[in-house]
Every structure is written in C-alpha cells, then in structure tokens.
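Some notes on the structure that comes next.
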Number of protein chains: 2
Amino acid sequence: MSKNYINIYTLLLCSLMALSCQAQKNIPLDKTKSEVKQVVFDYTNASLFAQTLDDIRTEVDSEIKLGVQVPVPKDMAGGYSHERHKRNFFILQKAGSLFQITCDEKYARYIRNNFAAYAKMYPSLPLHPTDRSYATGKIFWQCLNDANWLVYCSQAYSSIYEWLSERERELFESQLFRPMADFLSVENPRFFNRIHNHSTWANAAVGMIGLVMQDEELIQRALYGLENDGIDPSIVDNDGGYIKIEGQRRAGFLAQLDLSFSPDGHFTEGPYYLRYAMTPFLLFSKSLSINMPDLDIYNYRDNILKKAVYALLYETDAKGQFFPINDAQKGMSWSSREVVSAVDIAYSDFGQDPMLLSIAKIQGRVLLDEAGLKVAQDIDKGLVKPFVHKSIAFVDGADGKKGGLGILRTGGEDSKEICLVMKYAAHGMGHGHFDKLSYSLYDQDSEVIQDYGAARWVNIDQKGGGRYLPENQTFAKQSVAHNTVVVNQRSHYDGKVKSADEHSPEMYFFSADNQKIQSVSAIEYHAYPNHDMHRTMILLKDDKYPNPLLIDIFKVVTSEPSTYDLPLWFMGHLLSTNFNYSSETTSLSVLGVDHGYQHLWKEASGSSDSGQAQITWFGNGKFYSATSSVQPTDELIFARPGANDPNFNLRHDPVFMLRRKQATNTVFASVIESHGTYSPVAEIPINPFSDVKRIEVIYDSDAYTVVEVSDRSEGVWQIAISNLDAGKDKKHQMNIDHKVLQWTGPISVNLTTEQ
Amino acid sequence: MSKNYINIYTLLLCSLMALSCQAQKNIPLDKTKSEVKQVVFDYTNASLFAQTLDDIRTEVDSEIKLGVQVPVPKDMAGGYSHERHKRNFFILQKAGSLFQITCDEKYARYIRNNFAAYAKMYPSLPLHPTDRSYATGKIFWQCLNDANWLVYCSQAYSSIYEWLSERERELFESQLFRPMADFLSVENPRFFNRIHNHSTWANAAVGMIGLVMQDEELIQRALYGLENDGIDPSIVDNDGGYIKIEGQRRAGFLAQLDLSFSPDGHFTEGPYYLRYAMTPFLLFSKSLSINMPDLDIYNYRDNILKKAVYALLYETDAKGQFFPINDAQKGMSWSSREVVSAVDIAYSDFGQDPMLLSIAKIQGRVLLDEAGLKVAQDIDKGLVKPFVHKSIAFVDGADGKKGGLGILRTGGEDSKEICLVMKYAAHGMGHGHFDKLSYSLYDQDSEVIQDYGAARWVNIDQKGGGRYLPENQTFAKQSVAHNTVVVNQRSHYDGKVKSADEHSPEMYFFSADNQKIQSVSAIEYHAYPNHDMHRTMILLKDDKYPNPLLIDIFKVVTSEPSTYDLPLWFMGHLLSTNFNYSSETTSLSVLGVDHGYQHLWKEASGSSDSGQAQITWFGNGKFYSATSSVQPTDELIFARPGANDPNFNLRHDPVFMLRRKQATNTVFASVIESHGTYSPVAEIPINPFSDVKRIEVIYDSDAYTVVEVSDRSEGVWQIAISNLDAGKDKKHQMNIDHKVLQWTGPISVNLTTEQ
C-alpha cells in the first residue's frame, strides 16, 4: 500500500483540466498543478460528454446564481432543508468536475464558500431534530444521508484541494470533514459496522475523505471497520433488519465486498438497493485503485465489482427497469444517475464491453471524468452493441448457498420478450419480503404479473416524509402481497425477519439451454414448520402460440390439513371468467385480520365444477389469460388492497386468489398466456381468447408430478417432474394410464395430441 | 344532376391504375378501360403512399392466401363471424384499391369470389339470430354494421365493376346489393330515416351502391330519405335515444348534413361519434362531388363538411385523442382509419391546409387514392406545418342555438399545454350524458381531471359482446360520474333523455383573446326545476406559477334548501389533504341508491374548519392540487366506483366530492394546479407543494360574484363576475370592504398583493 496518497481527483480530473485549459487558452492554469501528468483531453469527438458538460454547466450556473444555501437541518425527506442539503452535495460534486474541466474559478469559489458555511454550522449541530432513525444524522434525518453528503463532498473537496489555501483546508478538515467522519463511524457504530448498504456508504464516505485528507486512520477504519463496536445483537434498524448478522466478525469496506454479494454479484436486498449501493462501492474502489494500487481492488474476490455491475444490469426488465423484488420503488431503472456511474466505470475499467455503450446511449449522459469521456468517444466511434438480456440464474448469499434468483427470458434483440423472475433467494435482511418461491412476469412493455414492490414514496414529504410507510410492513412485505402460496393465511416464517434470515429456499434445477423449453425449480422447507413447498416454472415457446406460455406447478407436501391461498397479482382489468362468481355489490369487508389480509377488500367469490378456473384480463393493450386446475371445493376470490389503509397509501390493483381448503399434499397448476392485442384506435380485437383449454394434474406422488396442458388446437403438453432427484442424467420411468413414460433429467416437457 | 353516372372509383382509381400499369409493363391493362382518362400516377416521391401500399399489399395478400371466408352470421361483436365479416369488408375495399393500382387480377378475383359467396348466402339469410338491436341486421347483429359492409363493398365493387362480366354484375346486384340496399332502407325505416350517425351510414351505403349500380331510385332514396316512414315517435334505440326527433320532417343524406352538425361543424354526439360518422359523410360526398357535380356537395351548407373535419381535429387533446364527452371509448385518436380518410380528403379537396400534413405524418399512412397520393407527395415536398390546437368555442345544435363546447388552451407549439374542455352542449341524444356544465382538464401528456367516458369495451366479446354495458346507463351517463354539481343526489333532468333533449345550457361568455386570462362561462336553467346553475372557469397563466391555474366558480341560485355534490374526478394517487378525514377501514358501503351513487364505494369522509379544503395528488409523473373554499358543515368525501358492478365493468378511479347540505343560493369556488414533477428514476420531487394558499368567495349577490385566490408568495387574484349582464362594454361598479371595484365586461381578473 502506497504511503503517499495521490488523491483520485488530483490524478484524474486535474489531468483532464490541464489539457482542457490548454485548449481554452484564455483560462489560466492553476499554478500549483505543475506536477500533474498531462493527458490528452479532447471531447470534440465525444458528443455525449460535451452534451453532459453543457447540461451540468447550465444546472450548476443557475445554482451559483442562487448563492450558498445551507439551512439549519429540520425537515424529513421531501421537506426543504432535506432537499436543499441533498441538492447541495450533488451540485458541489458537479461544480468540482466543472472546475477541473473548465478551470473556471467560480466553481472552486462556490465549493469553498459552501464548505465554509457547513464548517461554521457543523461543530455546534445537534442530532437532527426528527429523531426517527435508528441512526439519526446531523445534516439529515438519518446518518445514511450524511454519508451520501460526505461521499460526494469528498469528490468536490478533492477537486479543489490544490486550489485551496492550507489554512482553508485545515479549517474544513478540523471543523467539518474529520468530525463528520468520526460521527459516521466511531460515534455511530451501529451505522458504520454493519454488512448493509447503509454501512457501505459510511465506509466509503470515511474512506474517501480519508484519501483526500491523506488520513491513514480514517482509511484503515473505512477498509476494516471498527474493532470493537459493542453492538447489541438484538438491535434492529428502522426496516426491522438486524444490525448484526449472526456470526459476523468483520466489518468495513472489504468485508462489505466479501459479504454483501453472492459470488456471482447478486445483492441480497435486490437490484433497487444494489443500484444505490453501487455508488459507494464503485467510487471508493476507483479511488483505491488509483491511490492504493497494491490493494488491487478491482480484482478483489475474483472481480466481484464487475460481476455486481452485470448482476445489476441483468436484473432489469426489457425497458431497463429493476425487478422490484424486496423493498423497491417501481420505475427505478438503469437510467438513474447511479447506473450512469456504474456503466461508465465498468466500461472504462472492466474491459470495455460494447454492450454497455448502448445503455450509456439510453442514459443520455456520462460521468464528467476520463471514464465518461472514454464512453462518449467510443459511442461516437460507432462501437455500440445492443445490450442483450439473457436467461440467468443468480445464486444468493456470500457463500452462494442461500438460494437465488432465476430469470428466464425468451425473445432477445429482434422479437418481443417474455421474462419470468422467480425468487428463491435469501430473505434480504431488513428490506426482505416474505415471498419465498414467488415470481413476477414481464413482457416487452410492462408487468404482466406484478410484484407489488414497496409501500413507499421515496422523498415525497406528503407520504410519511418519504420513508417506508406502515403498510410496507403490514402489507407489502407479507406473503399474500406476492405470487406464492400462503398457508393458513399466515406469512412465510410467520412474518419474522430473524427466522427468515436463518434459512433460504434451495434451487432444485435451472435450465435455459433450450430456448423453446426453459425451466426453473426450487424448494422451500422452512417457511412453514410442517409444509414443504416445491415450485417449478416452465417458459414454453412454441409456434402454436403467439407468445410463450408460462406453466406454473406448485407442489405442497404436508400431512397437516391446511388452507392454501395462491394469489395472482394480474395487471389489468378483468374481462371474463369461465366460472360463476358472486360479487359483493353493496358492502365490502376485509379478507382477514392480519398478515396482509387485513388490507384486502373481498370483492367476489366463486367456484368451478369443471376442474378449470380461467380468467382473461386486458392490460396495456394486450389480452392475457390464466388457466388453473381447481377442485370443486376451491374458493376463487377476487380481492383488492385498500382496506385498513387510512391514508390512501396502497395502490388498488386487483388480485385473483385460488383458495384450497383443508388439504394435505396438494399441487397447484396454472398456465399464464399473453394471447392477443387490442388498440382503442383500431378497436379491433386480435386473438382475444385463450389458446389454452385445460391444465390438469394427472399424477402426483412423492417421486413424480405429471401435469397436462391442453390447447384449443388439440395439442397436449405433458410435463413430468422428478421431485426427489434433479440429476441431469438420471433416467426416470413410470406408468400413467397403462402407458410407460420415460425421460432423463429432472423434467420432461412433451407435445402430444389429443386422442 | 348527371344522368350517366361515372362511378367514383372508375374515374379516380382506374385512372391511377392506367399509369401505374404502364409503369409496370408486364402487367396487362384491362382492355375494357380504354375510355378512362389517364392521369399521371407516380409515387416515387410519395413515400407514405408507397409505404401504405406495401403494408396493405402484405395484409391483403395474406388474407387471399387464407381463401374466401364467409361464415354463417352468428356472433356478437368480438365473436368470430362478426369479426370475420368486418375484416372482409375492410380487406375487400383494400383489394379494390390494390387492383386499381397494381392491375394484378388476383385482387379482382378475390373480390369477385367473395361477392359470389355473399350473393349465394344473402337471399336466404334470416335476421341475425342475436336479436339484440333496435334494428337487427342480417350479416351482423345490427343494421349499422351491415351498412358499414355496404359502404366499403360499394368501393370494392366500383373498383372491379368494369372488370366483371355483365352476367356477374347482374348476379351480384340482384342477389346481394339491391336486396341489401332495400333491407337497410325501406325494410328498416327506423334505421334509415333518423337524424343520427347510424342513418348516415345507411344513407351513404344505399347512395354509394346506387352510384355504382347507376340506380337512380337508390340515389334519390339516399339523398332524401323515405317519404313515409311510419315511425312511432315513442320508439327509442338501444342507447335510449329517440328515433324521431320532435318536429323532424326530413331524412336522408342532405338532411343529415343539415341537422347533424352545428353551423361550425360540431357534432352533438361528440368527436368520438363524429369520427365514426365522418367516413360515410366524406366517402359518399366524394362520390357525389364527382358523379353529381351540380349538387356541389362540398359547398353544401357553407362548407359544412370542411368545418366538421376541423371541429373533429380541434376536439382532441395535445396527443390527438378525442375528448371522451358523451358515450366515447377513451384512447380513440386522430390516428384512427376514419381520420386518415378525413385528413386526406380534407387536404386534397378542402384547400390543402399544410397543418393537416403533420397529422398525416403522425398517422403514418394515407388513402390509396389521389387524395392520399397528394398528401404523400406534399409531405415529401416538405410542405408540412405543425397542427396548432387553439382555444375555440363551438356552438351546438343545427341552428347553433343549443349551447356548445368551450375549449381553452394555453401553450401551443413550444410550451406545454393545459387544456380545459367545458361542456354546455345539447344533450347528445341517445349517446348524451347528464353532464351539464361539466368539464375535463388535460395537460400535454394526459388527463388531469377526467371525463369517465363510456362504460363499454368496443368489440370486446367478453364485455357484453362489445355493446354498451348496463353500467353505461346506470353510472357513466349519470351526473355524479362527471365534474359538475348534482342536486339532492339526482342526475340532471332526473336522468331522462327526453327532457334533456328539449333544453340545453346557454353560453354566457367566452374569452380567449388574452392568452394569460382566458375564460368561459355558461348557465343551465333546466337541469333541475328550481335551481339555476352558472359556472365560470378561468385559465390563468402567470409567470408566478409553473403552469396555468384553473379557477372554477360554480354558482347555484335557488330558494329551495338542497344538498349539492361537486365531484372532482382527479387522475392519480392521493398524497395529502389539509383537513382531517376518517377512512372506512374494515368495511365499505355504497354512497347512495341510484343515479350513479349506487356504484360508488364511500372510502372516507372529513370536514374542514379552515374554510379551505386542499388535496394534493400524484399522477403521470406530476404533482397536482385542488383547493376549494368550503364551509365547516361541508362534507368532504373520497369515493371510488366498483359497487353494484357484479361483472367488474367499471374502472376504479378515485373521486373527491364536496357535499354542501341544506343550502339555498351558494357558490363553489376551486383552483386546480399542476405544480411539480417527480420521476421514480431521479427520486427528486420538484415543487411538490401547492402554490395556492386560499380561495374565498368574498361577495355573492344576484348581480355579482367576487372570488379571491391567494398564493404562497403574497399574490391575491381578485375575480369579479357580472352575473346578469355579459355585455362586453358594460361598466360595473360595486363596493367591497369599503373599496370601490370597477370593471368593464362580464369578468374582471386582477392581481393584487396581500396586505
């Protein structure tokens, strides 16, 4: 490890500045920069860089006109002081980049004047008056936002470090940066010493300011954590997550790298939080890669950072929106500022994958540094290749042994996509949902079967100050809010994070080699004490149908008679059913008393004697149907959130629920299809009726489950699953209806015809 | 009037063919065409024409491969036989164009073979078995669709008329066309002899086939109607509309032109139906303009057809979607096939307005005739100008004296639009809604305050065969489903079409000259026996606010103590209120028993002691607020459709309702504003709080009403309305708070500052 740190921005951005200032000769070079290695900095053939520079200059210039604004901290997220301080750190970071590139000292002065205002206020700042966080900050309501401030302001400080006088540096460091770094670490061990995205921000903040200040103590603290944090293992954060993970011995940035990701880069809290955590991971790592090259951070844990960037990008729908698993606000996508950093740094430093350039083009902006310049230049050189989503199974857990996430996709560059996301991952700690073996389904344009996401309006003051709403805990996290089996109307793990954190489902098999028949299967043994749950999902692409069919086979093994609910959160407006139901027409009541059921209005209930329950709905210009094998005693329920929601915090999306009562071993089998389209401009329905006629469980034992799907053109798909042995080469043989059925491997999918 | 009709397609399209066939020399010219005048037909510089030709050739060729399909009529809309016959007439019309342009006889053969199949089936066809229409068809469930068939097939027949043998023509005319023309007229007078879009189709169908067949009797019938229809004046159609309008003496196509439109082209049923009716109006008129030039149909009634086309285009939101007033399916837009015809014919025949070309570009296709060719050529010549929406007041009624529709728009080409549509029109006959003085509000992207539209899924078999659903009558037409005052929970005119048809509101003033202060005001005297209703709406654009404010002043004059409801159908998710309310958390009940209230679940109720009720919601990426002046005894209700809706036919959009109880004369005053934005990608709320602090009615008498709107930056807008005299030059003077207020004209809007 190098003893004389060269701070990252001195090396990177000042070198850019040197040449940009030569290019703009009337702007004088800062005299103190003579020792900096000069590199060619030319953005004439980097239009996205030039465009970004223009946009950011406009933005920062208009802020400079407003003058320094450092209000006394007071508000929750969404309120003035919060949003102003948040805007400050983004603007200061950008002003730093502008100073480096344009050499215009107004940017340096603006940063200095802001720091002076903060340095004046900070020493006497009490804890933020809101007192609503497990780790209350000073500038913001939670330490997390203070850490954001310090990460971005470390960059801004770095940008003007050489320009400042020694006296100014001494002032800022003694009154502001060092006290803040201590506040976020030794004074808040429960915030600093976790394995969690919050602590990643804390570690990076302390480490990055340490690198600029050349403060060895802070750097060591950031990398390796506090030795004795004295954290009570029973303490939880605001989201109900435990501060201390069972058996966790290490903390600090390197421990985050070791423990936050699975070996293939999946982040247990999910992509929404991975996006958020990528900023400190990448910014601090980039600084370390320059200043402490011996640490070889990019190769740490077999390129874990690169893997994490790709995991982030693959865990998106066709439009680049992150799968909203666990706590996640929907709509967040790879166009966010965090992913701009991730894509540019990954392109520049992790092998210049031309697929990344297509995302940078969509983002429409780049980092104002060497990485961003490289991206912009290579786009202008025409090196862009389309980013191709692919079917992929991620493992979960630091050891890769805590289940995972199975993504099956059909389509690709030229055709329309259907994408299944099956979640058999670890619980996701405080942000985890009780959604074992749940799934969501997407097509090219939108959600088909939704994951509700979080009950939260991030940064919207009017909705609980932008924090998680009570309904996040009481509804969005509960099992019934997901597309998975709920036993006896109680959530998985009885809704307890501690138990859920201890176990995870197991992947049983994953097969995506054959684009026409892809499948994923997983088993959950612990969500309920006496019930094993085994779900297998098949994405079946065949020219007989306009789009792939999703076949869902959910087997429950138990000897304990129980009631099972399988919710289907279909997105759209119900058009028809093939069974009779009775609607609640003049009064509505709630579907249950807790575990999320208290939030559901029961709108209708029915049953089917035909063995089949089919619903057809219309959403986003398309017709969809779900066909399920049912028993005459199954209750078929239509419900909708909105009950016990006194502040209108929940969305009123519909759910169809299949309820099977007092059953022991049982199998749920369903097919979901997107079969037609309709535009209100043409008013001509194209293929509005389902292609599927029946789905039946024709055999079920401990060893095997066989399901048949019949379509309207006399095709019958027979799916046979080996329940006990997923060996790829294992041969199976059984008799059904006096016929011998033979296959090799865990699953067989075959088309026959009706007799 | 010419005695020897040259049918329109012989003249227009065959002339095109002649040259296109010269261009493609290996395709032989039909020998019988030698007498046709040859015109230059060259689409090398008409790319949209070439593209359309390609697309339609692909479409028709694939249909030809399927072979002739003429099933026995059986199904409702959405079902196979309906959709197949519907597809047939569109494809046959297109095949006719292709034959004319390409001279490829396969298209002529395909048309002939289809006609042969229809001619074989038709003579023995009974009435359609569904028996659900006031005028049941033979090929379709209603005569209307049979008339569609005959309009399009007249074009197809015209295209191959010369190519057919005399024997074939004789067969088709005697077995198919003439019997169908008689069926749609003399055998169905209640269908043929109305003033209604249905009859327009009937008139055009009979007239167009008459022109091709050179059948003078049919042409006269089409133009002038049946002399003695013997229609019982009490008969209504499926929508509850009367067949016979009081005092109506005339029928036929010319009478439709005289009576369907207001003098400025507004169509009383609204733009959704105008779009539908434009096809027969324009196609038959185009044929008449060529074959019967003496009729001078384009100049008929002072260019009524041209005015209707522009009314259609102006009655759209910024995206070109028709305002869904009266019965209308939302989403229908100027991209529909009917508007392609309207735009191309209007461009070609009504003065070549270059603004129309921009719509043609959006449509992305043109007619395959001379009009479409001209449009495509002129687009390629770069003549396109943007279509600019403008503020405009349409009158209603054939005499222009039945109220109207006031459209106020701010914005235009460069800036974002806010668009108010205030409806004080005539009832709209069977498709009318009980929505006197109602309004809807749009911005650039979407609805802000919605008109519910119709409860109907056009052509979707699963929803009542595509017809109007029962909830259209019981909810969508009722007053409470609109943004207007409802007295004692009973709809305007007690929900009776006959009474509603007899009266209409009166425009009081309309002012759009000053882009910063636009206003519209109208009065309804008859909706309730003892209540006069007077609404004034102001669109106020000021640099103080990010977007224009909509100020709504609704005055009710009565001595009869009554309960008033003013619903606000806001589009989005409620974020906050400035008053306390109590939510129904564990059970919901209906808001009333009839007049639409039976369909509303009451979700919450509150009141305000501050004199102000403000709600803020989030929709489509934007923050909106509505601020209303209220009394402490006013009930503030949140409700949602879905009750008494056993088949899930209604959308569950929210409504906020201000209920004032047992009041006599009263004024409702509100401000609606779009004040901020938020993207889930950036997660940064921009201006999430309302700019409006208060709105107060500070004076109200028979003569004057004065309202003040205070904003958060100490601005106070004072709006004074003269209630009895709308004279533009009339001077007014009154005292308020010992100050003299003077102004000229019906309304004064002034900015003062807080004291």
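In the structure tokens, chains take the letters A, B, ... in the order shown, each chain's residues start at 1, and ligands count up from 1 in the order shown.
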Fill in: Spatial neighbours of Ile736 (chain A), 12 Å, only C-alpha atoms, chain gap at least 2 places, as number ranges by chain
A: 697-700, 704-708, 718, 720, 733-734, 738-742
Discussion item. Between CA of Pro654 (chain A) and CA of Asp451 (chain A), what is the distance in Å, rounded to a tenth?
Written reply: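 Calculated distance between CA of Pro654 (chain A) and CA of Asp451 (chain A) is 12.2 Å.
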List the neighbours of Phe638 (chain B) out to 7 Å using only C-alpha atoms; skip same-chain residues closer than 3 positions along the sequence, and give me the result as an mmCIF file with all heavy atoms, in the first residue's frame.
```cif
data_model
loop_
_atom_site.group_PDB
_atom_site.id
_atom_site.type_symbol
_atom_site.label_atom_id
_atom_site.label_comp_id
_atom_site.auth_asym_id
_atom_site.auth_seq_id
_atom_site.Cartn_x
_atom_site.Cartn_y
_atom_site.Cartn_z
ATOM 1 N N LYS B 602 -67.987 4.456 -0.601
ATOM 2 C CA LYS B 602 -67.559 5.612 0.198
ATOM 3 C C LYS B 602 -66.330 5.195 0.998
ATOM 4 O O LYS B 602 -66.398 4.327 1.871
ATOM 5 C CB LYS B 602 -68.689 6.039 1.138
ATOM 6 C CG LYS B 602 -68.357 7.289 1.937
ATOM 7 C CD LYS B 602 -69.560 7.767 2.736
ATOM 8 C CE LYS B 602 -69.221 9.044 3.505
ATOM 9 N NZ LYS B 602 -70.384 9.532 4.266
ATOM 10 N N GLU B 603 -65.209 5.811 0.696
ATOM 11 C CA GLU B 603 -63.954 5.380 1.321
ATOM 12 C C GLU B 603 -63.566 6.217 2.527
ATOM 13 O O GLU B 603 -62.892 5.728 3.431
ATOM 14 C CB GLU B 603 -62.822 5.432 0.286
ATOM 15 C CG GLU B 603 -63.018 4.465 -0.856
ATOM 16 C CD GLU B 603 -61.812 4.376 -1.764
ATOM 17 O OE1 GLU B 603 -61.190 5.416 -2.046
ATOM 18 O OE2 GLU B 603 -61.488 3.254 -2.196
ATOM 19 N N ALA B 604 -63.919 7.487 2.507
ATOM 20 C CA ALA B 604 -63.517 8.352 3.613
ATOM 21 C C ALA B 604 -64.374 9.602 3.599
ATOM 22 O O ALA B 604 -64.970 9.967 2.581
ATOM 23 C CB ALA B 604 -62.041 8.729 3.489
ATOM 24 N N SER B 605 -64.421 10.257 4.726
ATOM 25 C CA SER B 605 -65.230 11.459 4.868
ATOM 26 C C SER B 605 -64.576 12.372 5.896
ATOM 27 O O SER B 605 -64.054 11.904 6.910
ATOM 28 C CB SER B 605 -66.632 11.043 5.317
ATOM 29 O OG SER B 605 -67.381 12.157 5.711
ATOM 30 N N VAL B 655 -62.547 9.526 -6.750
ATOM 31 C CA VAL B 655 -63.226 10.808 -6.866
ATOM 32 C C VAL B 655 -63.225 11.488 -5.504
ATOM 33 O O VAL B 655 -63.322 10.828 -4.462
ATOM 34 C CB VAL B 655 -64.672 10.637 -7.411
ATOM 35 C CG1 VAL B 655 -65.532 9.815 -6.470
ATOM 36 C CG2 VAL B 655 -65.320 11.992 -7.679
ATOM 37 N N PHE B 656 -63.050 12.800 -5.530
ATOM 38 C CA PHE B 656 -63.161 13.613 -4.326
ATOM 39 C C PHE B 656 -64.425 14.439 -4.489
ATOM 40 O O PHE B 656 -64.638 15.041 -5.543
ATOM 41 C CB PHE B 656 -61.934 14.523 -4.193
ATOM 42 C CG PHE B 656 -62.036 15.539 -3.094
ATOM 43 C CD1 PHE B 656 -62.190 15.140 -1.775
ATOM 44 C CD2 PHE B 656 -61.972 16.903 -3.377
ATOM 45 C CE1 PHE B 656 -62.280 16.080 -0.747
ATOM 46 C CE2 PHE B 656 -62.056 17.852 -2.358
ATOM 47 C CZ PHE B 656 -62.209 17.439 -1.045
ATOM 48 N N MET B 657 -65.262 14.450 -3.467
ATOM 49 C CA MET B 657 -66.556 15.096 -3.624
ATOM 50 C C MET B 657 -66.810 16.074 -2.485
ATOM 51 O O MET B 657 -66.657 15.736 -1.325
ATOM 52 C CB MET B 657 -67.637 14.002 -3.615
ATOM 53 C CG MET B 657 -68.989 14.465 -4.081
ATOM 54 S SD MET B 657 -70.168 13.117 -3.924
ATOM 55 C CE MET B 657 -69.617 12.041 -5.251
#
```
Item to complete: Have a look at CA of Thr744 (chain A) and CA of Lys730 (chain A) and let me know their distance in Å, one decimal.
Response: 5.4 Å
